[in-house]
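Structure first, commentary second.
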Amino acid sequence: MLRGTHWTLLIFSGRDGGPADSGDLIEVAHEITARFPDTVKPHLILGGFPIADSAPYSTTVLLDPMNHAHDHFGVKDACLYLIRPDLYLGFRGKLNDAPRLLEYLDRLLVSRESIRIPS
Amino acid sequence: MLSSRPMIDRLAAATQAESNGKRKEVHGVTTLLPDFNSLRSTMPATPRRRPNPFLRPFETKADTMNGLRKLKREGSHILRLTIRISAKYRQAFRQSFDHKSKLCDLHATKEKSMLNGTDQAYTTLLKAGDLGRAAARLFGPFLLSSEIVRKKMRHTLEEIDINYREGPLAVDHGGSDGPRADERMLDSTVVKMPGNQYLCGKCCAEHIGRF
């Protein structure tokens with residue numbers, strides 16, 4: 001999952017989070033995918049036993065029913081973890097720190113919007 | 001196993017008494033039992049404890065003088081080792097000094113001193129004298145059985161303890177009690193499920209992968 005030269009974004013839903021609360025999480029994942037499509041790979045980690053949702057996820061979803069991953073990372077509420085290609089954590093923040101995450105990525109990476117193809 | 005040998009001896013004596021036609025109770029053990037003589041022959045004898053040469057008192061004046069000379073030699077080795085490690089740390093610290101920023105790179109210093117320290121430790125272990133070997137035998141098992149030491153070794157080998165906090169590539173806004181930005185990513189088990197979903201944790205043994 002982490003092997004390669006890409007950056008990995010782990011979006012934790014929180015221990016009791018589920019599809020009912022996952023709209024914001026998916027929005028963050030979409031935003032990241034749109035701006036850094038080949039560079040950053042977002043993964044949603046849903047804690048607890050989420051109610052099955054018929055809406056298909058466009059991003060990878062990791063189910064964490066026993067909250068092992070959440071306990072491992074000490075996560076209680078929704079949280080963002082960005083992992084660099086050297087397997088060190090580059091960014092950690094709450095879900096509402098998503099704009100700061102984008103600022104951080106803009107500082108380090110070249111987004112799709114900034115590339116101008118000469119006509 | 002060894003502690004049951006006196007009992008087996010008694011049982012063997014009882015079996016012997018029966019085979020001699022003198023059926024009687026030996027130490028309260030009945031003789032309606034298998035032949036314990038053969039069993040006794042298979043039992044290993046209690047090993048005799050070898051005297052520890054380092055705990056043996058010096059018998060003669062020559063022994064005492066030899067012991068003191070050995071102690072002096074080993075003590076000087078340990079002292080020289082300590083001085084070399086501290087000198088290498090200072091040297092690495094000096095080398096990391098940046099004249100522009102007037103700062104020393106503590107991480108580089110730590111890495112260099114760690115490399116030099118482990119190198120020195122391995123050399124010491126491999127070329128240890130009598131006192132060094134005795135110290136390793138005496139304190140080694142105690143140190144290695146300590147959970148703190150084992151955790152430290154494991155984390156060092158897995159590079160978990162190496163971090164670059166306050167580095168320019170780290171932005172930390174909290175949000176969890178786990179690892180912070182610019183620490184090593186934790187390893188975790190991922191179980192692949194059909195489709196685009198995975199299962200984190202230890203629930204299933206099939207298709208186990210790693211983050």
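Residues in the structure tokens are numbered from 1 in each chain, the chains being A, B, ... in the order shown, and ligands are numbered from 1 in the order shown.
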
> Could you list, as JSON, numbers by chain, every residue of chain A that has an atom within 8 Å of an atom of chain B, counting only C-alpha atoms?
Replying inline: {"A": [1, 2, 60, 61, 62, 63, 64, 65, 66, 67, 68, 69, 72, 73, 74, 75, 76, 77, 78, 79, 83, 87, 88, 89, 90, 91, 92, 93, 94, 97, 104]}

Output for the residues just chosen: C-alpha atoms as a CSV table (one decimal), in the first residue's frame:
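New file result-v6.csv:
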chain,number,residue,atom,x,y,z
A,1,MET,CA,0.0,0.0,0.0
A,2,LEU,CA,2.8,2.4,0.8
A,60,THR,CA,-10.0,3.1,-1.3
A,61,VAL,CA,-11.8,2.3,1.9
A,62,LEU,CA,-10.2,0.4,4.8
A,63,LEU,CA,-12.6,-1.0,7.3
A,64,ASP,CA,-11.4,-1.0,10.9
A,65,PRO,CA,-14.2,-2.7,12.8
A,66,MET,CA,-12.2,-3.5,15.9
A,67,ASN,CA,-10.5,0.0,15.8
A,68,HIS,CA,-7.0,-1.7,15.7
A,69,ALA,CA,-5.6,0.9,13.3
A,72,HIS,CA,-2.4,2.0,16.7
A,73,PHE,CA,-2.4,5.7,15.7
A,74,GLY,CA,-4.0,7.0,18.8
A,75,VAL,CA,-7.0,8.4,16.9
A,76,LYS,CA,-10.3,9.2,18.5
A,77,ASP,CA,-11.9,11.7,16.2
A,78,ALA,CA,-11.5,12.3,12.5
A,79,CYS,CA,-7.8,12.8,11.7
A,83,ILE,CA,2.9,9.7,4.7
A,87,LEU,CA,7.7,6.3,5.1
A,88,TYR,CA,7.9,9.3,7.5
A,89,LEU,CA,4.8,11.2,8.5
A,90,GLY,CA,4.8,14.6,6.8
A,91,PHE,CA,1.5,16.0,8.1
A,92,ARG,CA,-0.8,15.3,11.0
A,93,GLY,CA,-4.0,17.3,11.7
A,94,LYS,CA,-7.7,17.2,12.4
A,97,ASP,CA,-7.1,21.2,9.0
A,104,TYR,CA,1.5,22.1,2.8

> Can you list every residue in region 25-117 of chain A that DSSP puts in alpha helix (DSSP H), as a ChimeraX atom specification?
Replying inline: /A:25-35,68-73,98-108

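Across the structure, CA of Gly14 (chain A) and CA of Arg107 (chain A) are spaced 27.8 Å apart.
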
>> Would you compute the distance between CA of Leu80 (chain A) and CA of Leu10 (chain A)? Give it in Å to one decimal.
In response: 5.9 Å

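Rounded to one decimal, CA of Thr118 (chain B) and CA of Thr156 (chain B) lie 11.3 Å from each other.
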
> Could you pull the residues within 12 Å of region 28-37 of chain A, counting only C-alpha atoms, minus those fewer than 5 positions along the same chain, as a PyMOL selection string?
Replying inline: chain A and resi 6-13+22-23+42-45+57-61+78-80+82+94-106+108-115
